[in-house]
>>> print(open('query.pdb').read())   # PDB, C-alpha atoms and all ligand atoms
ATOM      1  CA  MET A 193       4.557  31.500  -0.830  1.00  0.00           C
ATOM      2  CA  GLU A 194       3.953  28.603  -3.192  1.00  0.00           C
ATOM      3  CA  ILE A 195       4.672  25.229  -1.590  1.00  0.00           C
ATOM      4  CA  LEU A 196       3.606  22.783  -4.269  1.00  0.00           C
ATOM      5  CA  HIS A 197       3.024  23.058  -7.978  1.00  0.00           C
ATOM      6  CA  LEU A 198       2.043  19.950  -9.908  1.00  0.00           C
ATOM      7  CA  LYS A 199       2.121  20.461 -13.654  1.00  0.00           C
ATOM      8  CA  ASN A 200       0.555  18.125 -16.195  1.00  0.00           C
ATOM      9  CA  LEU A 201       1.225  14.948 -14.212  1.00  0.00           C
ATOM     10  CA  VAL A 202       0.599  11.636 -15.945  1.00  0.00           C
ATOM     11  CA  LYS A 203       0.874   8.183 -14.383  1.00  0.00           C
ATOM     12  CA  SER A 204      -0.073   4.878 -15.892  1.00  0.00           C
ATOM     13  CA  TYR A 205       0.305   1.321 -14.676  1.00  0.00           C
ATOM     14  CA  PRO A 206       0.684  -1.806 -16.786  1.00  0.00           C
ATOM     15  CA  ASP A 207      -2.583  -3.710 -17.026  1.00  0.00           C
ATOM     16  CA  GLY A 208      -2.171  -6.988 -18.914  1.00  0.00           C
ATOM     17  CA  ASN A 209      -0.371  -6.004 -22.093  1.00  0.00           C
ATOM     18  CA  GLN A 210      -1.779  -2.480 -22.059  1.00  0.00           C
ATOM     19  CA  GLU A 211      -1.068   0.626 -20.004  1.00  0.00           C
ATOM     20  CA  ARG A 212      -3.891   2.020 -17.899  1.00  0.00           C
ATOM     21  CA  GLU A 213      -3.712   5.763 -17.264  1.00  0.00           C
ATOM     22  CA  ILE A 214      -4.608   6.514 -13.631  1.00  0.00           C
ATOM     23  CA  ILE A 215      -3.495  10.155 -13.523  1.00  0.00           C
ATOM     24  CA  ALA A 216      -4.049  12.147 -16.698  1.00  0.00           C
ATOM     25  CA  ASP A 217      -2.772  15.717 -16.985  1.00  0.00           C
ATOM     26  CA  LEU A 218      -3.255  16.600 -13.318  1.00  0.00           C
ATOM     27  CA  ASN A 219      -2.510  20.141 -12.111  1.00  0.00           C
ATOM     28  CA  LEU A 220      -2.496  21.605  -8.609  1.00  0.00           C
ATOM     29  CA  LYS A 221      -1.081  24.624  -6.783  1.00  0.00           C
ATOM     30  CA  LEU A 222      -0.827  24.851  -3.030  1.00  0.00           C
ATOM     31  CA  LYS A 223       0.269  27.847  -0.967  1.00  0.00           C
ATOM     32  CA  GLN A 224       1.647  28.162   2.555  1.00  0.00           C
ATOM     33  CA  GLY A 225      -1.055  27.784   5.205  1.00  0.00           C
ATOM     34  CA  GLU A 226      -3.513  25.889   2.989  1.00  0.00           C
ATOM     35  CA  VAL A 227      -5.175  22.603   3.884  1.00  0.00           C
ATOM     36  CA  VAL A 228      -6.951  20.954   0.979  1.00  0.00           C
ATOM     37  CA  ALA A 229      -8.906  17.720   0.729  1.00  0.00           C
ATOM     38  CA  VAL A 230      -8.943  15.236  -2.131  1.00  0.00           C
ATOM     39  CA  VAL A 231     -11.931  12.920  -2.460  1.00  0.00           C
ATOM     40  CA  GLY A 232     -12.867  10.343  -5.066  1.00  0.00           C
ATOM     41  CA  PRO A 233     -14.059   6.769  -5.367  1.00  0.00           C
ATOM     42  CA  SER A 234     -11.883   3.838  -4.389  1.00  0.00           C
ATOM     43  CA  GLY A 235      -9.417   3.120  -7.171  1.00  0.00           C
ATOM     44  CA  SER A 236      -9.616   6.615  -8.671  1.00  0.00           C
ATOM     45  CA  GLY A 237      -5.912   7.200  -7.981  1.00  0.00           C
ATOM     46  CA  LYS A 238      -5.871   9.281  -4.772  1.00  0.00           C
ATOM     47  CA  SER A 239      -3.000   7.385  -3.154  1.00  0.00           C
ATOM     48  CA  THR A 240      -1.121   7.311  -6.461  1.00  0.00           C
ATOM     49  CA  PHE A 241      -1.488  11.087  -6.740  1.00  0.00           C
ATOM     50  CA  LEU A 242      -0.370  11.617  -3.126  1.00  0.00           C
ATOM     51  CA  SER A 243       2.644   9.318  -3.541  1.00  0.00           C
ATOM     52  CA  MET A 244       3.719  11.302  -6.590  1.00  0.00           C
ATOM     53  CA  ALA A 245       3.349  14.626  -4.744  1.00  0.00           C
ATOM     54  CA  GLY A 246       5.485  13.062  -1.977  1.00  0.00           C
ATOM     55  CA  LEU A 247       8.172  11.882  -4.425  1.00  0.00           C
ATOM     56  CA  LEU A 248       7.574   8.236  -3.480  1.00  0.00           C
ATOM     57  CA  ILE A 249       6.633   7.289  -7.033  1.00  0.00           C
ATOM     58  CA  THR A 250       7.730   8.973 -10.228  1.00  0.00           C
ATOM     59  CA  PRO A 251       5.227  10.205 -12.811  1.00  0.00           C
ATOM     60  CA  ASN A 252       5.485   9.143 -16.458  1.00  0.00           C
ATOM     61  CA  ALA A 253       5.318  12.803 -17.430  1.00  0.00           C
ATOM     62  CA  GLY A 254       4.862  16.225 -15.877  1.00  0.00           C
ATOM     63  CA  GLU A 255       6.646  18.260 -13.260  1.00  0.00           C
ATOM     64  CA  ILE A 256       6.567  18.372  -9.448  1.00  0.00           C
ATOM     65  CA  GLN A 257       7.777  21.630  -7.966  1.00  0.00           C
ATOM     66  CA  ILE A 258       8.200  21.858  -4.209  1.00  0.00           C
ATOM     67  CA  LYS A 259       9.150  25.255  -2.803  1.00  0.00           C
ATOM     68  CA  GLY A 260      10.449  26.288  -6.194  1.00  0.00           C
ATOM     69  CA  THR A 261      12.618  23.202  -6.742  1.00  0.00           C
ATOM     70  CA  ASN A 262      11.872  21.209  -9.858  1.00  0.00           C
ATOM     71  CA  THR A 263      12.189  17.758  -8.308  1.00  0.00           C
ATOM     72  CA  SER A 264      12.664  15.931 -11.617  1.00  0.00           C
ATOM     73  CA  SER A 265      16.188  17.337 -11.678  1.00  0.00           C
ATOM     74  CA  LEU A 266      17.071  15.434  -8.463  1.00  0.00           C
ATOM     75  CA  ASN A 267      18.775  12.030  -8.517  1.00  0.00           C
ATOM     76  CA  ASP A 268      17.576   9.264  -6.167  1.00  0.00           C
ATOM     77  CA  GLU A 269      19.885  10.215  -3.333  1.00  0.00           C
ATOM     78  CA  GLU A 270      18.980  13.901  -3.576  1.00  0.00           C
ATOM     79  CA  LYS A 271      15.317  12.945  -3.713  1.00  0.00           C
ATOM     80  CA  THR A 272      15.599  10.983  -0.462  1.00  0.00           C
ATOM     81  CA  LEU A 273      17.264  13.943   1.261  1.00  0.00           C
ATOM     82  CA  PHE A 274      14.684  16.305  -0.189  1.00  0.00           C
ATOM     83  CA  ARG A 275      11.827  14.119   1.088  1.00  0.00           C
ATOM     84  CA  LYS A 276      13.357  14.000   4.544  1.00  0.00           C
ATOM     85  CA  GLU A 277      13.721  17.745   4.661  1.00  0.00           C
ATOM     86  CA  HIS A 278      10.478  18.833   3.048  1.00  0.00           C
ATOM     87  CA  ILE A 279       7.748  16.229   3.405  1.00  0.00           C
ATOM     88  CA  GLY A 280       5.797  14.813   6.335  1.00  0.00           C
ATOM     89  CA  TYR A 281       3.542  11.795   5.772  1.00  0.00           C
ATOM     90  CA  ILE A 282       0.517  10.684   7.774  1.00  0.00           C
ATOM     91  CA  PHE A 283      -1.104   7.369   6.871  1.00  0.00           C
ATOM     92  CA  GLN A 284      -4.359   5.619   7.714  1.00  0.00           C
ATOM     93  CA  GLY A 285      -2.754   3.376  10.301  1.00  0.00           C
ATOM     94  CA  SER A 286      -0.325   5.268  12.474  1.00  0.00           C
ATOM     95  CA  HIS A 287       2.671   3.021  11.589  1.00  0.00           C
ATOM     96  CA  LEU A 288       4.359   3.600  14.944  1.00  0.00           C
ATOM     97  CA  ILE A 289       7.398   1.543  15.911  1.00  0.00           C
ATOM     98  CA  PRO A 290       6.144  -0.982  18.503  1.00  0.00           C
ATOM     99  CA  TYR A 291       9.217  -1.018  20.759  1.00  0.00           C
ATOM    100  CA  LEU A 292       9.626   2.755  21.085  1.00  0.00           C
ATOM    101  CA  LYS A 293       7.855   5.007  23.571  1.00  0.00           C
ATOM    102  CA  VAL A 294       5.911   7.978  22.208  1.00  0.00           C
ATOM    103  CA  LYS A 295       8.694  10.409  22.931  1.00  0.00           C
ATOM    104  CA  GLU A 296      11.290   8.088  21.420  1.00  0.00           C
ATOM    105  CA  GLN A 297       9.255   7.828  18.199  1.00  0.00           C
ATOM    106  CA  LEU A 298       9.769  11.574  17.786  1.00  0.00           C
ATOM    107  CA  GLN A 299      13.385  11.602  18.961  1.00  0.00           C
ATOM    108  CA  ILE A 300      14.354   9.066  16.337  1.00  0.00           C
ATOM    109  CA  ILE A 301      12.801  11.154  13.563  1.00  0.00           C
ATOM    110  CA  GLN A 302      14.459  14.280  14.907  1.00  0.00           C
ATOM    111  CA  SER A 303      17.808  12.514  14.986  1.00  0.00           C
ATOM    112  CA  LEU A 304      17.548  12.095  11.197  1.00  0.00           C
ATOM    113  CA  SER A 305      17.727  15.842  10.814  1.00  0.00           C
ATOM    114  CA  ASP A 306      20.431  18.224  11.971  1.00  0.00           C
ATOM    115  CA  TYR A 307      19.103  19.297  15.305  1.00  0.00           C
ATOM    116  CA  GLN A 308      17.980  17.715  18.561  1.00  0.00           C
ATOM    117  CA  ASN A 309      15.460  19.616  20.570  1.00  0.00           C
ATOM    118  CA  ASN A 310      13.610  17.879  23.374  1.00  0.00           C
ATOM    119  CA  LYS A 311      11.713  21.052  24.213  1.00  0.00           C
ATOM    120  CA  GLU A 312      10.170  21.076  20.790  1.00  0.00           C
ATOM    121  CA  ILE A 313       9.027  17.471  21.190  1.00  0.00           C
ATOM    122  CA  ASP A 314       7.464  18.345  24.542  1.00  0.00           C
ATOM    123  CA  LYS A 315       5.690  21.344  23.054  1.00  0.00           C
ATOM    124  CA  LEU A 316       4.305  19.383  20.120  1.00  0.00           C
ATOM    125  CA  LEU A 317       3.033  16.620  22.409  1.00  0.00           C
ATOM    126  CA  LEU A 318       1.415  19.270  24.581  1.00  0.00           C
ATOM    127  CA  ASP A 319      -0.178  21.023  21.571  1.00  0.00           C
ATOM    128  CA  LEU A 320      -1.599  17.702  20.422  1.00  0.00           C
ATOM    129  CA  GLY A 321      -2.930  16.811  23.866  1.00  0.00           C
ATOM    130  CA  ILE A 322      -0.796  13.707  24.423  1.00  0.00           C
ATOM    131  CA  SER A 323       1.997  14.905  26.693  1.00  0.00           C
ATOM    132  CA  HIS A 324       0.681  12.647  29.454  1.00  0.00           C
ATOM    133  CA  ARG A 325       1.323   9.650  27.139  1.00  0.00           C
ATOM    134  CA  ALA A 326       4.947  10.574  26.308  1.00  0.00           C
ATOM    135  CA  GLU A 327       6.335   7.503  28.097  1.00  0.00           C
ATOM    136  CA  ALA A 328       3.766   5.019  26.764  1.00  0.00           C
ATOM    137  CA  TYR A 329       4.353   2.319  24.137  1.00  0.00           C
ATOM    138  CA  PRO A 330       2.072   2.280  21.064  1.00  0.00           C
ATOM    139  CA  GLU A 331       0.201  -0.864  22.182  1.00  0.00           C
ATOM    140  CA  ALA A 332      -1.072   1.078  25.204  1.00  0.00           C
ATOM    141  CA  LEU A 333      -2.478   3.956  23.109  1.00  0.00           C
ATOM    142  CA  SER A 334      -5.997   4.412  21.779  1.00  0.00           C
ATOM    143  CA  GLY A 335      -6.534   4.858  18.022  1.00  0.00           C
ATOM    144  CA  GLY A 336      -6.911   8.619  18.410  1.00  0.00           C
ATOM    145  CA  GLU A 337      -3.789   8.872  20.552  1.00  0.00           C
ATOM    146  CA  LYS A 338      -1.786   6.873  18.011  1.00  0.00           C
ATOM    147  CA  GLN A 339      -2.936   9.171  15.225  1.00  0.00           C
ATOM    148  CA  ARG A 340      -1.873  12.228  17.264  1.00  0.00           C
ATOM    149  CA  VAL A 341       1.597  10.732  17.641  1.00  0.00           C
ATOM    150  CA  ALA A 342       1.619  10.161  13.876  1.00  0.00           C
ATOM    151  CA  ILE A 343       0.753  13.841  13.390  1.00  0.00           C
ATOM    152  CA  ALA A 344       3.505  14.908  15.781  1.00  0.00           C
ATOM    153  CA  ARG A 345       5.946  12.701  13.896  1.00  0.00           C
ATOM    154  CA  ALA A 346       4.955  14.218  10.545  1.00  0.00           C
ATOM    155  CA  PHE A 347       5.475  17.780  11.801  1.00  0.00           C
ATOM    156  CA  ILE A 348       8.541  17.383  14.026  1.00  0.00           C
ATOM    157  CA  ASN A 349      11.167  18.167  11.378  1.00  0.00           C
ATOM    158  CA  HIS A 350       9.367  21.270  10.049  1.00  0.00           C
ATOM    159  CA  PRO A 351       8.386  19.909   6.650  1.00  0.00           C
ATOM    160  CA  SER A 352       7.167  22.245   3.912  1.00  0.00           C
ATOM    161  CA  LEU A 353       4.364  19.904   2.929  1.00  0.00           C
ATOM    162  CA  ILE A 354       2.200  17.430   4.862  1.00  0.00           C
ATOM    163  CA  LEU A 355       0.586  14.560   2.951  1.00  0.00           C
ATOM    164  CA  ALA A 356      -2.121  12.590   4.733  1.00  0.00           C
ATOM    165  CA  ASP A 357      -3.750   9.489   3.210  1.00  0.00           C
ATOM    166  CA  GLU A 358      -7.064   8.843   4.991  1.00  0.00           C
ATOM    167  CA  PRO A 359      -5.723   9.850   8.415  1.00  0.00           C
ATOM    168  CA  THR A 360      -9.155   9.549  10.047  1.00  0.00           C
ATOM    169  CA  ALA A 361     -10.322   6.310   8.439  1.00  0.00           C
ATOM    170  CA  ASN A 362     -10.147   4.281  11.655  1.00  0.00           C
ATOM    171  CA  LEU A 363     -11.656   6.937  13.913  1.00  0.00           C
ATOM    172  CA  ASP A 364     -15.207   7.970  14.759  1.00  0.00           C
ATOM    173  CA  GLU A 365     -16.545  11.257  13.395  1.00  0.00           C
ATOM    174  CA  SER A 366     -15.820  13.519  16.354  1.00  0.00           C
ATOM    175  CA  LEU A 367     -12.297  12.155  16.721  1.00  0.00           C
ATOM    176  CA  GLY A 368     -11.856  12.573  12.978  1.00  0.00           C
ATOM    177  CA  ARG A 369     -12.765  16.251  13.253  1.00  0.00           C
ATOM    178  CA  GLU A 370     -10.318  16.678  16.112  1.00  0.00           C
ATOM    179  CA  ILE A 371      -7.512  15.124  14.091  1.00  0.00           C
ATOM    180  CA  ILE A 372      -8.214  17.374  11.068  1.00  0.00           C
ATOM    181  CA  ASP A 373      -8.441  20.353  13.380  1.00  0.00           C
ATOM    182  CA  MET A 374      -5.037  19.507  14.832  1.00  0.00           C
ATOM    183  CA  ILE A 375      -3.506  19.150  11.382  1.00  0.00           C
ATOM    184  CA  ARG A 376      -5.022  22.547  10.474  1.00  0.00           C
ATOM    185  CA  ARG A 377      -3.692  24.268  13.567  1.00  0.00           C
ATOM    186  CA  GLN A 378      -0.183  22.902  13.053  1.00  0.00           C
ATOM    187  CA  VAL A 379      -0.242  23.860   9.357  1.00  0.00           C
ATOM    188  CA  LYS A 380      -1.244  27.439  10.187  1.00  0.00           C
ATOM    189  CA  ALA A 381       1.199  27.747  13.105  1.00  0.00           C
ATOM    190  CA  ARG A 382       4.141  26.385  11.140  1.00  0.00           C
ATOM    191  CA  ASP A 383       3.477  27.919   7.724  1.00  0.00           C
ATOM    192  CA  THR A 384       3.357  24.611   5.989  1.00  0.00           C
ATOM    193  CA  ALA A 385       0.604  23.207   3.728  1.00  0.00           C
ATOM    194  CA  ALA A 386      -1.309  19.927   3.713  1.00  0.00           C
ATOM    195  CA  ILE A 387      -3.175  17.627   1.360  1.00  0.00           C
ATOM    196  CA  VAL A 388      -5.629  15.273   3.068  1.00  0.00           C
ATOM    197  CA  VAL A 389      -7.122  12.364   1.139  1.00  0.00           C
ATOM    198  CA  THR A 390     -10.383  11.364   2.762  1.00  0.00           C
ATOM    199  CA  HIS A 391     -13.620   9.444   2.259  1.00  0.00           C
ATOM    200  CA  ASP A 392     -15.239  11.314   5.089  1.00  0.00           C
ATOM    201  CA  THR A 393     -17.605  13.998   3.726  1.00  0.00           C
ATOM    202  CA  SER A 394     -18.348  15.329   7.218  1.00  0.00           C
ATOM    203  CA  LEU A 395     -14.775  16.683   7.342  1.00  0.00           C
ATOM    204  CA  LEU A 396     -14.879  18.658   4.107  1.00  0.00           C
ATOM    205  CA  SER A 397     -16.198  21.856   5.677  1.00  0.00           C
ATOM    206  CA  LEU A 398     -12.947  22.058   7.680  1.00  0.00           C
ATOM    207  CA  MET A 399     -10.843  22.388   4.528  1.00  0.00           C
ATOM    208  CA  ASP A 400      -9.713  25.471   2.609  1.00  0.00           C
ATOM    209  CA  ARG A 401     -10.546  23.763  -0.690  1.00  0.00           C
ATOM    210  CA  VAL A 402     -11.883  20.408  -1.777  1.00  0.00           C
ATOM    211  CA  TYR A 403     -10.980  18.582  -4.984  1.00  0.00           C
ATOM    212  CA  ARG A 404     -12.502  15.518  -6.543  1.00  0.00           C
ATOM    213  CA  LEU A 405     -10.192  13.185  -8.409  1.00  0.00           C
ATOM    214  CA  ASN A 406     -12.145  12.314 -11.524  1.00  0.00           C
ATOM    215  CA  GLN A 407     -10.753  10.588 -14.614  1.00  0.00           C
ATOM    216  CA  GLY A 408      -7.225  11.344 -13.515  1.00  0.00           C
ATOM    217  CA  GLN A 409      -7.714  15.071 -12.911  1.00  0.00           C
ATOM    218  CA  LEU A 410      -8.524  17.240  -9.902  1.00  0.00           C
ATOM    219  CA  GLU A 411     -11.755  19.241 -10.112  1.00  0.00           C
ATOM    220  CA  GLU A 412     -12.474  21.817  -7.439  1.00  0.00           C
ATOM    221  CA  MET A 413     -15.762  21.147  -5.631  1.00  0.00           C
ATOM    222  CA  GLN A 414     -18.018  23.524  -3.756  1.00  0.00           C
ATOM    223  CA  VAL A 415     -18.893  22.215  -0.277  1.00  0.00           C
TER     224      VAL A 415
HETATM  225  N1  LIG A 501       1.832  -0.528  -8.376  1.00  0.00           N
HETATM  226  C1  LIG A 501       0.694  -0.655  -9.074  1.00  0.00           C
HETATM  227  N2  LIG A 501       0.662  -1.442 -10.183  1.00  0.00           N
HETATM  228  C2  LIG A 501      -0.460  -1.577 -10.918  1.00  0.00           C
HETATM  229  N3  LIG A 501      -1.633  -0.955 -10.634  1.00  0.00           N
HETATM  230  C3  LIG A 501      -1.656  -0.166  -9.539  1.00  0.00           C
HETATM  231  C4  LIG A 501      -0.512   0.025  -8.706  1.00  0.00           C
HETATM  232  N4  LIG A 501      -0.832   0.862  -7.691  1.00  0.00           N
HETATM  233  C5  LIG A 501      -2.138   1.181  -7.886  1.00  0.00           C
HETATM  234  N5  LIG A 501      -2.632   0.579  -8.990  1.00  0.00           N
HETATM  235  C6  LIG A 501      -4.015   0.718  -9.523  1.00  0.00           C
HETATM  236  O1  LIG A 501      -4.236   2.092  -9.767  1.00  0.00           O
HETATM  237  C7  LIG A 501      -5.576   2.443  -9.401  1.00  0.00           C
HETATM  238  C8  LIG A 501      -5.541   3.595  -8.390  1.00  0.00           C
HETATM  239  O2  LIG A 501      -5.029   3.132  -7.163  1.00  0.00           O
HETATM  240  P1  LIG A 501      -4.929   4.063  -5.875  1.00  0.00           P
HETATM  241  O3  LIG A 501      -4.391   3.236  -4.777  1.00  0.00           O
HETATM  242  O4  LIG A 501      -4.206   5.288  -6.230  1.00  0.00           O
HETATM  243  O5  LIG A 501      -6.481   4.403  -5.641  1.00  0.00           O
HETATM  244  P2  LIG A 501      -7.191   5.157  -4.411  1.00  0.00           P
HETATM  245  O6  LIG A 501      -8.034   6.233  -5.027  1.00  0.00           O
HETATM  246  O7  LIG A 501      -6.176   5.547  -3.411  1.00  0.00           O
HETATM  247  O8  LIG A 501      -8.152   4.017  -3.836  1.00  0.00           O
HETATM  248  P3  LIG A 501      -8.645   3.763  -2.307  1.00  0.00           P
HETATM  249  O9  LIG A 501      -9.695   4.802  -2.027  1.00  0.00           O
HETATM  250  O10 LIG A 501      -9.216   2.386  -2.382  1.00  0.00           O
HETATM  251  O11 LIG A 501      -7.455   3.866  -1.399  1.00  0.00           O
HETATM  252  C9  LIG A 501      -6.224   1.185  -8.858  1.00  0.00           C
HETATM  253  O12 LIG A 501      -6.993   0.612  -9.882  1.00  0.00           O
HETATM  254  C10 LIG A 501      -5.040   0.307  -8.510  1.00  0.00           C
HETATM  255  O13 LIG A 501      -5.359  -1.044  -8.646  1.00  0.00           O
HETATM  256 MG    MG A 502      -5.822   5.006  -1.388  1.00  0.00          MG
END
>>> encode(input="query.pdb", output="C-alpha cells")
Amino acid sequence: MEILHLKNLVKSYPDGNQEREIIADLNLKLKQGEVVAVVGPSGSGKSTFLSMAGLLITPNAGEIQIKGTNTSSLNDEEKTLFRKEHIGYIFQGSHLIPYLKVKEQLQIIQSLSDYQNNKEIDKLLLDLGISHRAEAYPEALSGGEKQRVAIARAFINHPSLILADEPTANLDESLGREIIDMIRRQVKARDTAAIVVTHDTSLLSLMDRVYRLNQGQLEEMQV
C-alpha cells in the first residue's frame, strides 16, 4: 500500500528581495514497510523537505498525498487532525517534557487520540528496551534512553508515516545503529513507513533505499 506520494514539490524562501528555491520539483513514493534515508549537505533542504512531508510547512507548488488523501484539500484544522492521526515525528533532541515520567510522556500522547491502552505503552517500552525506566524523569535518562522514549512516542498512536530528522545525531555509532534498528523493527511490525534524514553514512546500509537531496531534488543512491 502506498503511504506517501510527493508530486512536483516546490518550496522557496525569501532571500533579500529575491526568492531562493530550496526544493525544486521533488518527487517521492513510499510504500508500507519501507524505511528510506535522505542525505545531503547542510543547508540542502532536508529539514524543509521533511517538514513539508509532515504537513508542518506548505509547499509553494506540488501535491502531498498521504494514504491516498490529497492533503492540499485540507484546511488548517483538518490538517492538524490529519497530522495527529497519521504522522509521528522524531527529532535530533528527544524533546521530552521535563516534568513527566517516561510512561506519562506516552500516556499524554495517547490521550490525544481516541483510545487509552496502558498495555500497549508497556509493550512498546518493553520492545524498545526501556521498560525498567518507565517511572524515570527525562533528566535521569541517558541520550540513548531518551531517544528510545522519543521513538515510542512517535509510534504510540499508530501513525501511517514516521519522519525522523537526524535522530542519531547525538549518539555514538553503535547506539545510532540500535536506534535505526528499532525504528526499522517498529516500522515492519506496524506496517508504517519512515523517512530518516541523517548525516551518518555508517547507517545507510540499514535502509531500504537512500536518496541524496541535490539541487532541490531527490536522487536515489547506491550504497
Ligand atoms: N523559514 C526560513 N526562512 C528563510 N530561509 C530558510 C527558512 N528555513 C530554512 N531556510 C533556508 O533554507 C535552506 C535549507 O534549510 P534546511 O534546514 O532545510 O537544510 P538542512 O538540509 O536540513 O540543513 P542541516 O543539515 O544543517 O540541518 C537553508 O539555506 C536555510 O537557511
Ligand atoms: Mg536539518
>>> residues_around(input="query.pdb", residues="Ile215 (chain A)", least_positions_apart="2", cutoff="7 Å", atoms="only C-alpha atoms", output="count of residues only")
10
>>> closest_atom_pairs(input="query.pdb", of="region 376-403 of chain A", to="region 361-370 of chain A", cutoff="8 Å", atoms="only C-alpha atoms", output="tab-separated table")
residue	atom	partner	partner_atom	distance
A:Thr390	CA	A:Ala361	CA	7.6
A:His391	CA	A:Ala361	CA	7.7
A:Asp392	CA	A:Ala361	CA	7.8
A:Ser394	CA	A:Glu365	CA	7.6
A:Leu395	CA	A:Arg369	CA	6.3
>>> residues_near_ligand(input="query.pdb", ligand="ligand LIG 501 (chain A)", cutoff="8 Å", atoms="all atoms listed in the file", output="VMD selection string")
chain A and resid 204 to 207 214 232 to 241 391
>>> atom_distance(input="query.pdb", atom1="CA of Leu304 (chain A)", atom2="CA of Ile354 (chain A)")
17.4 Å
>>> residues_around(input="query.pdb", residues="Arg401 (chain A)", least_positions_apart="4", cutoff="8 Å", atoms="only C-alpha atoms", output="MDAnalysis selection string")
chainID A and resid 227:229 412:413
>>> residues_around(input="query.pdb", residues="region 373-378 of chain A", least_positions_apart="2", cutoff="9 Å", atoms="all atoms listed in the file", output="list in words")
Gly225, Glu226, Val227, Asp319, Leu320, Arg340, Ile343, Phe347, Ile354, Gly368, Arg369, Glu370, Ile371, Lys380, Ala381, Arg382, Asp383, Thr384, Ala385, Ala386, Leu398 and Met399 of chain A
>>> atom_distance(input="query.pdb", atom1="CA of Glu337 (chain A)", atom2="CA of Met244 (chain A)")
28.3 Å
>>> resolve_selection(input="query.pdb", expression="the PyMOL selection byres (((chain A and resi 330) around 12) and not hetatm)", output="PyMOL selection string")
chain A and resi 285-297+325-329+331-342
>>> closest_residue(input="query.pdb", among="A:Arg212, A:Lys221, A:Leu247, A:Phe283", to="Leu266 (chain A)", atoms="all atoms listed in the file")
A:Leu247
